[in-house]
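**Student:** Just passing along the structure, written as structure tokens.
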Amino acid sequence: MRLEVCVHYIGSLLVLNGTAMLLSAAIALGYTDGSFDILMVSGLITAGFGVLPWLFVPNVKDISLKEAVLIVAGAWLALSFAGAIPFYLYGQPFNFINALFESVSGYTTTGSSILEDIESLPKGLLFWRSLTHALGGMGIIVLGIAILPALSKISSNLMKQEYSGLVAQPLFPRARTISQVLLLVYLGLIALQTSFLLLTGLSWFDAVTTAFGTIATGGFSVRNLSIASYNNLAVEIIVMVFMTVSGMNFAFLFALLMRRGQKIYGWETAKVYLSLQVVFIILVTVLIHGKIYQRWGEALRYAAFQLLSVGTSTGFATADSSVWTPPAHMILVFLTLLCACAGSTSGGIKVDRLVLYWKLCRQNVRSLIHPRMIQTIRMDGAALDLEAAKTAMLFIVSYLLIIAVSTSFLALNGAEMLDAFSGSAACMGNVGPGLGKVGSMGNYSSISGSGKLILSLVMIIGRLEIFVLVLPFTRNFWKV
Amino acid sequence: MSLKYKLILSFIIPAAMLLIAGFWSSLQMRSLGTKVGAMLEENERSIQYAIQMNDAIERIDNSIFAKTKEREAEFSRIFYQQRIEFDKALKMAVLNITIPGEKEALDSLLMYAPKYFQMIERLDQAPDLELYRIEMFGIYEKIIHYISKIRKMNSDAMFAAAQQVIDRANRAALPGDLIILASVVFCLLFAWLTHLYIVAPIKKIYQAVKIWQNTGIFQKPEIKSADDLHALSNELEVLSIKFSPESKK
């Protein structure tokens with residue numbers, strides 16, 4: 001294991017991050033809101049750290065799997081700390097833990113916040129807060145591969161570690177080309193949504209930051225009442241459409257757009273994902289109509305937005321779902337756990353694994369009836385090996401176990417059971433809002449300091465799909 | 001990149017980081033000092049004017065009793081002297097409005113004070129304790145109320161400014177805390193990289209030269225970085241070939 005090589009590439013990503021901070025500083029300068037100096041100092045410190053290993057350690061042609069794991073895990077941790085610097089320097093309400101929580105929530109595109117009065121923050125800092133979504137949504141490593149020449153040389157192993165393991169069939173043989181295609185789709189969607197939002201009358205600042213939050217499926221808004229503050233149906237419809245699109249596999253979207261080949265990988269999952277959303281929206285509309293909202297149109301409007309927001313792990317809000325009926329809460333919790341498709345910017349267990357789980361169950365039932373029958377599990381016509389299915393099932397069990405541990409920890413630290421469970425599930429799935437105090441119109445300020453640290457860790461574990469972050473902490477990983 | 005630039009840049013980066021953080025802290029403290037100093041001074045002045053108005057109006061009110069006791073000279077002296085003091089303080093206070101709500105309170109004083117003084121002048125012509133009890137005392141209480149309000153507003157503003165001092169001082173100290181931590185990590189990283197890419201290669205070259213001296217065989221050490229040490233290793237290899245027994249023959 002060449003530790004210096006890992007430090008070198010983490011350094012490159014820190015320089016990229018520092019540059020993004022300087023971009024936010026430029027925005028702050030435009031608004032003259034007093035956050036310019038904070039972002040400038042943070043950007044220079046972050047980039048300064050990144051430059052040192054870059055000076056000493058030469059580029060390498062390849063890296064091992066272990067090195068790739070360490071780079072990805074190290075980069076996410078280093079960037080989370082670096083991203084917290086501007087918040088920390090701003091001072092109240094950010095202490096070190098709050099700043100770290102906000103930063104991790106941004107990069108992992110969770111969108112959980114400790115802020116009670118978002119609008120009191122300077123515009124430059126709010127832009128940085130939304131920019132962490134844009135950087136993390138793309139996957140900082142995937143972004144690095146697409147634009148940093150040093151990372152492109154060692155890209156294939158790195159990409160495997162950061163990008164969902166379920167995206168089995170790449171469109172292009174080179175990882176750098178895949179990264180660039182993903183970046184193209186990502187930036188294209190941001191540009192498209194920004195244009196549409198501008199047409200509804202939103203300011204440039206609001207349109208861009210909302211687009212960052214939507215396409216990254218993050219959910220940080222620059223308004224205290226999130227999307228509800230605009231009280232504009234057109235804005236809600238645009239956000240809903242783009243949330244739904246962002247919940248789909250980006251490579252699938254690209255293939256769909258380019259119509260490459262006869263069969264497009266991802267159709268099967270996309271169909272299940274869209275069907276589930278439609279069914280749940282209808283169900284929740286029926287459940288809340290008459291009890292919370294008197295008109296059908298109103299019930300459908302809020303149910304559709306909240307469900308798509310949770311179901312794509314975005315976390316924007318137009319209504320306080322905490323006051324909805326218990327069956328509606330159940331559906332929200334289910335969607336919080338499940339989220340959208342692999343290969344998108346969303347978190348959660350993902351629809352792909354649910355489909356796989358369903359097929360495994362069916363296979364098991366069939367084998368009980370026909371014990372000697374040879375069966376294969378197929379996704380979009382392609383056969384999946386048993387190892388992939390086993391990993392997916394292991395992931396689901398580990399995922400639920402981590403939520404259980406985190407819930408217990410938060411509950412022991414004084415959080416109410418509903419807040420502890422829904423908060424843990426929302427952070428693990430990178431959704432953002434849970435239920436109760438941490439609901440769609442609430443925030444995480446009531447969670448204790450140690451609780452916030454645990455949730456920060458849970459958010460990164462969820463974003464990196466558990467095993468990448470766990471591996472460097474095992475003894476076997478460091479054995480030669 | 002040559003060793004020279006590597007080392008120079010490695011020292012310049014933390015120095016620049018320290019410089020920026022130090023400059024920022026200093027800037028924060030200076031701007032804090034200037035802003036808060038000015039704010040506190042203005043609030044303090046408003047409080048002083050309020051105290052002066054309060055003293056003057058209380059003395060004027062006391063002088064009314066001198067009037068009822070028919071001590072005319074004493075009444076006139078106190079009333080006209082304190083009225084000048086009151087008007088002077090009120091005029092200065094109007095020129096020193098610094099906080100929201102202060103203007104409205106001063107406008108009320110500008111309305112009630114002349115009314116009160118006119119009544120006293122009427123009292124001077126025909127002393128009437130009933131007039132004082134029924135009308136004048138109410139206006140006097142209103143004047144006292146608005147003076148107290150101005151004092152309280154300015155005291156609150158001073159308290160808020162003091163709170164701001166604490167917040168801003170903390171904020172100014174934050175880069176210092178951060179830079180201390182950053183310097184420690186930076187130094188550790190620098191020491192590690194220096195060992196890995198400068199000290200270790202020098203040791204390797206030294207060992208190779210030592211073996212060359214003893215055995216006459218030069219084994220080129222593997223230097224990963226493309227800098228002066230890499231060049232030195234290459235040159236030594238060339239030298240070893242030049243001085244090898246085969247080339248001498």
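Labeling convention for the structure tokens: chains A, B, ... as they appear, residues from 1 per chain, ligands from 1 in order of appearance.
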With a cut-off of 8 Å, could you pull out the residues of chain B touching chain A and give me the nearest pair of atoms for each, distance in Å to one decimal, using only C-alpha atoms, ordered by chain and ascending number, as a tab-separated table?
**Tutor:**
residue	atom	partner	partner_atom	distance
B:Met1	CA	A:Leu55	CA	7.7
B:Lys6	CA	A:Leu55	CA	6.2
B:Ser10	CA	A:Leu52	CA	6.5
B:Ile13	CA	A:Gly48	CA	6.1
B:Pro14	CA	A:Gly48	CA	7.6
B:Met17	CA	A:Ile45	CA	6.1
B:Ile20	CA	A:Val41	CA	6.7
B:Ala21	CA	A:Val41	CA	6.9
B:Trp24	CA	A:Asp37	CA	7.5
B:Asp167	CA	A:Gly91	CA	7.6
B:Asn170	CA	A:Gly91	CA	7.5
B:Arg171	CA	A:Gly91	CA	5.7
B:Leu174	CA	A:Leu89	CA	5.9
B:Pro175	CA	A:Leu89	CA	6.7
B:Phe186	CA	A:Phe49	CA	7.0
B:Phe190	CA	A:Leu52	CA	7.4
B:Leu193	CA	A:Phe56	CA	6.7
B:Tyr197	CA	A:Phe56	CA	6.8
B:Lys224	CA	A:Pro58	CA	7.4
B:Ser225	CA	A:Pro58	CA	5.9
B:Ala226	CA	A:Pro58	CA	7.5
**Student:** Find the spatial neighbours of range 59-66 of chain B, counting only C-alpha atoms, within a cut-off of 12 Å - ignore same-chain residues fewer than 4 positions away - and output them as an MDAnalysis selection string.
**Tutor:** chainID B and resid 52:55 70:86 113 116:117 119:124 127:129 131:133 136:141 143:144
**Student:** Using only C-alpha atoms, which protein or nucleic acid residues come within 8 Å of range 314-322 of chain A? Drop anything in the same chain fewer than 5 positions from it, and give the result as a tab-separated table (two decimals) with N, CA and C atoms, in the first residue's frame.
**Tutor:**
chain	number	residue	atom	x	y	z
A	109	THR	N	-25.16	14.83	-0.16
A	109	THR	CA	-26.46	15.21	-0.74
A	109	THR	C	-27.63	14.77	0.13
A	110	THR	N	-27.40	14.82	1.44
A	110	THR	CA	-28.47	14.45	2.36
A	110	THR	C	-29.46	15.60	2.50
A	111	GLY	N	-28.92	16.77	2.80
A	111	GLY	CA	-29.79	17.94	2.93
A	111	GLY	C	-30.35	18.14	4.33
A	213	GLY	N	-29.59	21.65	-5.68
A	213	GLY	CA	-30.24	20.79	-4.69
A	213	GLY	C	-31.09	19.70	-5.32
A	214	THR	N	-31.68	20.01	-6.47
A	214	THR	CA	-32.57	19.02	-7.12
A	214	THR	C	-31.77	17.95	-7.85
A	216	ALA	N	-28.69	17.13	-7.67
A	216	ALA	CA	-27.83	16.33	-6.78
A	216	ALA	C	-28.68	15.51	-5.81
A	217	THR	N	-30.00	15.63	-5.91
A	217	THR	CA	-30.95	15.05	-4.95
A	217	THR	C	-30.52	15.35	-3.51
A	218	GLY	N	-30.15	16.61	-3.31
A	218	GLY	CA	-29.67	17.03	-1.99
A	218	GLY	C	-30.76	17.57	-1.10
A	219	GLY	N	-31.31	18.71	-1.48
A	219	GLY	CA	-32.41	19.26	-0.70
A	219	GLY	C	-32.10	20.51	0.09
A	220	PHE	N	-30.85	21.01	0.04
A	220	PHE	CA	-30.57	22.29	0.71
A	220	PHE	C	-31.28	23.39	-0.06
A	221	SER	N	-32.08	24.16	0.66
A	221	SER	CA	-32.74	25.30	0.03
A	221	SER	C	-32.16	26.57	0.64
A	225	LEU	N	-38.48	28.07	4.42
A	225	LEU	CA	-39.59	27.13	4.20
A	225	LEU	C	-39.36	26.27	2.97
A	226	SER	N	-38.12	26.12	2.57
A	226	SER	CA	-37.76	25.29	1.41
A	226	SER	C	-38.57	25.74	0.18
A	227	ILE	N	-39.03	24.82	-0.64
A	227	ILE	CA	-39.74	25.17	-1.88
A	227	ILE	C	-41.11	25.79	-1.56
A	228	ALA	N	-41.63	25.48	-0.37
A	228	ALA	CA	-42.93	26.04	0.03
A	228	ALA	C	-42.91	27.56	0.05
A	229	SER	N	-41.73	28.14	0.29
A	229	SER	CA	-41.66	29.60	0.42
A	229	SER	C	-41.98	30.30	-0.91
A	243	MET	N	-36.56	16.13	-10.07
A	243	MET	CA	-36.24	15.19	-9.00
A	243	MET	C	-36.42	13.77	-9.51
A	302	TYR	N	-49.45	18.16	-2.77
A	302	TYR	CA	-48.50	18.00	-1.67
A	302	TYR	C	-47.99	16.56	-1.56
A	305	PHE	N	-45.36	15.97	-4.33
A	305	PHE	CA	-44.07	16.63	-4.08
A	305	PHE	C	-43.31	15.94	-2.95
A	306	GLN	N	-43.99	15.71	-1.83
A	306	GLN	CA	-43.29	15.14	-0.68
A	306	GLN	C	-42.79	13.73	-0.98
A	309	SER	N	-39.92	13.85	-3.36
A	309	SER	CA	-38.78	14.42	-2.66
A	309	SER	C	-38.10	13.35	-1.79
A	329	HIS	N	-47.26	8.04	6.84
A	329	HIS	CA	-45.91	8.02	7.43
A	329	HIS	C	-45.18	6.73	7.08
A	346	SER	N	-29.03	9.66	-6.02
A	346	SER	CA	-29.78	9.39	-4.79
A	346	SER	C	-29.10	8.32	-3.92
A	430	ASN	N	-29.49	9.33	2.82
A	430	ASN	CA	-29.17	10.66	2.27
A	430	ASN	C	-30.43	11.39	1.81
A	431	VAL	N	-31.51	11.20	2.58
A	431	VAL	CA	-32.78	11.83	2.23
A	431	VAL	C	-32.88	13.24	2.81
A	432	GLY	N	-32.54	13.37	4.09
A	432	GLY	CA	-32.60	14.67	4.75
A	432	GLY	C	-33.66	14.72	5.82
A	433	PRO	N	-34.88	15.12	5.45
A	433	PRO	CA	-35.90	15.21	6.50
A	433	PRO	C	-36.47	13.85	6.90
A	435	LEU	N	-39.13	12.44	10.31
A	435	LEU	CA	-40.45	12.77	10.85
A	435	LEU	C	-40.25	13.41	12.23
A	436	GLY	N	-41.28	14.00	12.78
A	436	GLY	CA	-41.18	14.62	14.10
A	436	GLY	C	-40.37	15.90	14.03
A	439	GLY	N	-38.49	16.59	10.94
A	439	GLY	CA	-39.37	16.47	9.77
A	439	GLY	C	-39.11	17.50	8.68
A	440	SER	N	-39.99	17.47	7.67
A	440	SER	CA	-39.76	18.30	6.48
A	440	SER	C	-39.72	19.79	6.78
A	441	MET	N	-40.38	20.22	7.85
A	441	MET	CA	-40.33	21.64	8.20
A	441	MET	C	-39.50	21.87	9.47
**Student:** Go through range 48-140 of chain A and collect every residue that DSSP, computed from the backbone, puts in alpha helix (DSSP H); the answer should be as a VMD selection string.
**Tutor:** chain A and resid 48 to 56 65 to 90 96 to 107 123 to 138 140
**Student:** Can you pull out every residue from range 157-400 of chain A that DSSP, working from the backbone, puts in strand (DSSP E or B), and format the result as a ChimeraX atom specification?
**Tutor:** /A:289,293,377-379,382-384
**Student:** Write out as a list in words which residues come within 12 Å of Trp478 in chain A when counting only C-alpha atoms, dropping same-chain ones fewer than 3 positions away.
**Tutor:** Met1, Arg2, Leu3, Lys66, Glu67, Val69, Leu70, Leu471, Pro472, Phe473, Thr474 and Arg475 of chain A
**Student:** Dump N, CA and C atoms for the selected residues as an mmCIF file, in the first residue's frame?
**Tutor:**
data_model
loop_
_atom_site.group_PDB
_atom_site.id
_atom_site.type_symbol
_atom_site.label_atom_id
_atom_site.label_comp_id
_atom_site.auth_asym_id
_atom_site.auth_seq_id
_atom_site.Cartn_x
_atom_site.Cartn_y
_atom_site.Cartn_z
ATOM 1 N N MET A 1 0.846 -1.204 0.000
ATOM 2 C CA MET A 1 0.000 0.000 0.000
ATOM 3 C C MET A 1 0.882 1.256 0.000
ATOM 4 N N ARG A 2 0.695 2.083 -1.023
ATOM 5 C CA ARG A 2 1.485 3.317 -1.088
ATOM 6 C C ARG A 2 0.634 4.464 -0.531
ATOM 7 N N LEU A 3 0.869 4.731 0.749
ATOM 8 C CA LEU A 3 0.073 5.751 1.432
ATOM 9 C C LEU A 3 0.256 7.130 0.797
ATOM 10 N N LYS A 66 -6.961 -1.675 -2.971
ATOM 11 C CA LYS A 66 -6.899 -1.155 -1.601
ATOM 12 C C LYS A 66 -6.615 0.340 -1.615
ATOM 13 N N GLU A 67 -5.688 0.731 -2.498
ATOM 14 C CA GLU A 67 -5.364 2.165 -2.584
ATOM 15 C C GLU A 67 -6.583 2.969 -3.040
ATOM 16 N N VAL A 69 -9.705 2.196 -2.538
ATOM 17 C CA VAL A 69 -10.644 2.272 -1.402
ATOM 18 C C VAL A 69 -10.202 3.369 -0.436
ATOM 19 N N LEU A 70 -8.886 3.397 -0.157
ATOM 20 C CA LEU A 70 -8.367 4.384 0.787
ATOM 21 C C LEU A 70 -8.505 5.807 0.233
ATOM 22 N N LEU A 471 -14.073 -0.730 5.119
ATOM 23 C CA LEU A 471 -12.848 -1.487 4.805
ATOM 24 C C LEU A 471 -11.557 -0.941 5.436
ATOM 25 N N PRO A 472 -11.253 0.361 5.305
ATOM 26 C CA PRO A 472 -9.989 0.851 5.875
ATOM 27 C C PRO A 472 -9.894 0.706 7.389
ATOM 28 N N PHE A 473 -11.022 0.462 8.044
ATOM 29 C CA PHE A 473 -11.001 0.311 9.494
ATOM 30 C C PHE A 473 -10.905 -1.157 9.927
ATOM 31 N N THR A 474 -10.686 -2.042 8.960
ATOM 32 C CA THR A 474 -10.509 -3.454 9.316
ATOM 33 C C THR A 474 -9.017 -3.788 9.331
ATOM 34 N N ARG A 475 -8.655 -4.757 10.172
ATOM 35 C CA ARG A 475 -7.236 -5.087 10.319
ATOM 36 C C ARG A 475 -6.677 -5.716 9.041
#
**Student:** So the first atom is CA of Arg151 in chain B and the second is CA of Pro114 in chain B; what is the distance between them in Å, to one decimal place?
**Tutor:**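 Taking CA of Arg151 in chain B as the start and CA of Pro114 in chain B as the end point, the length is 20.5 Å.
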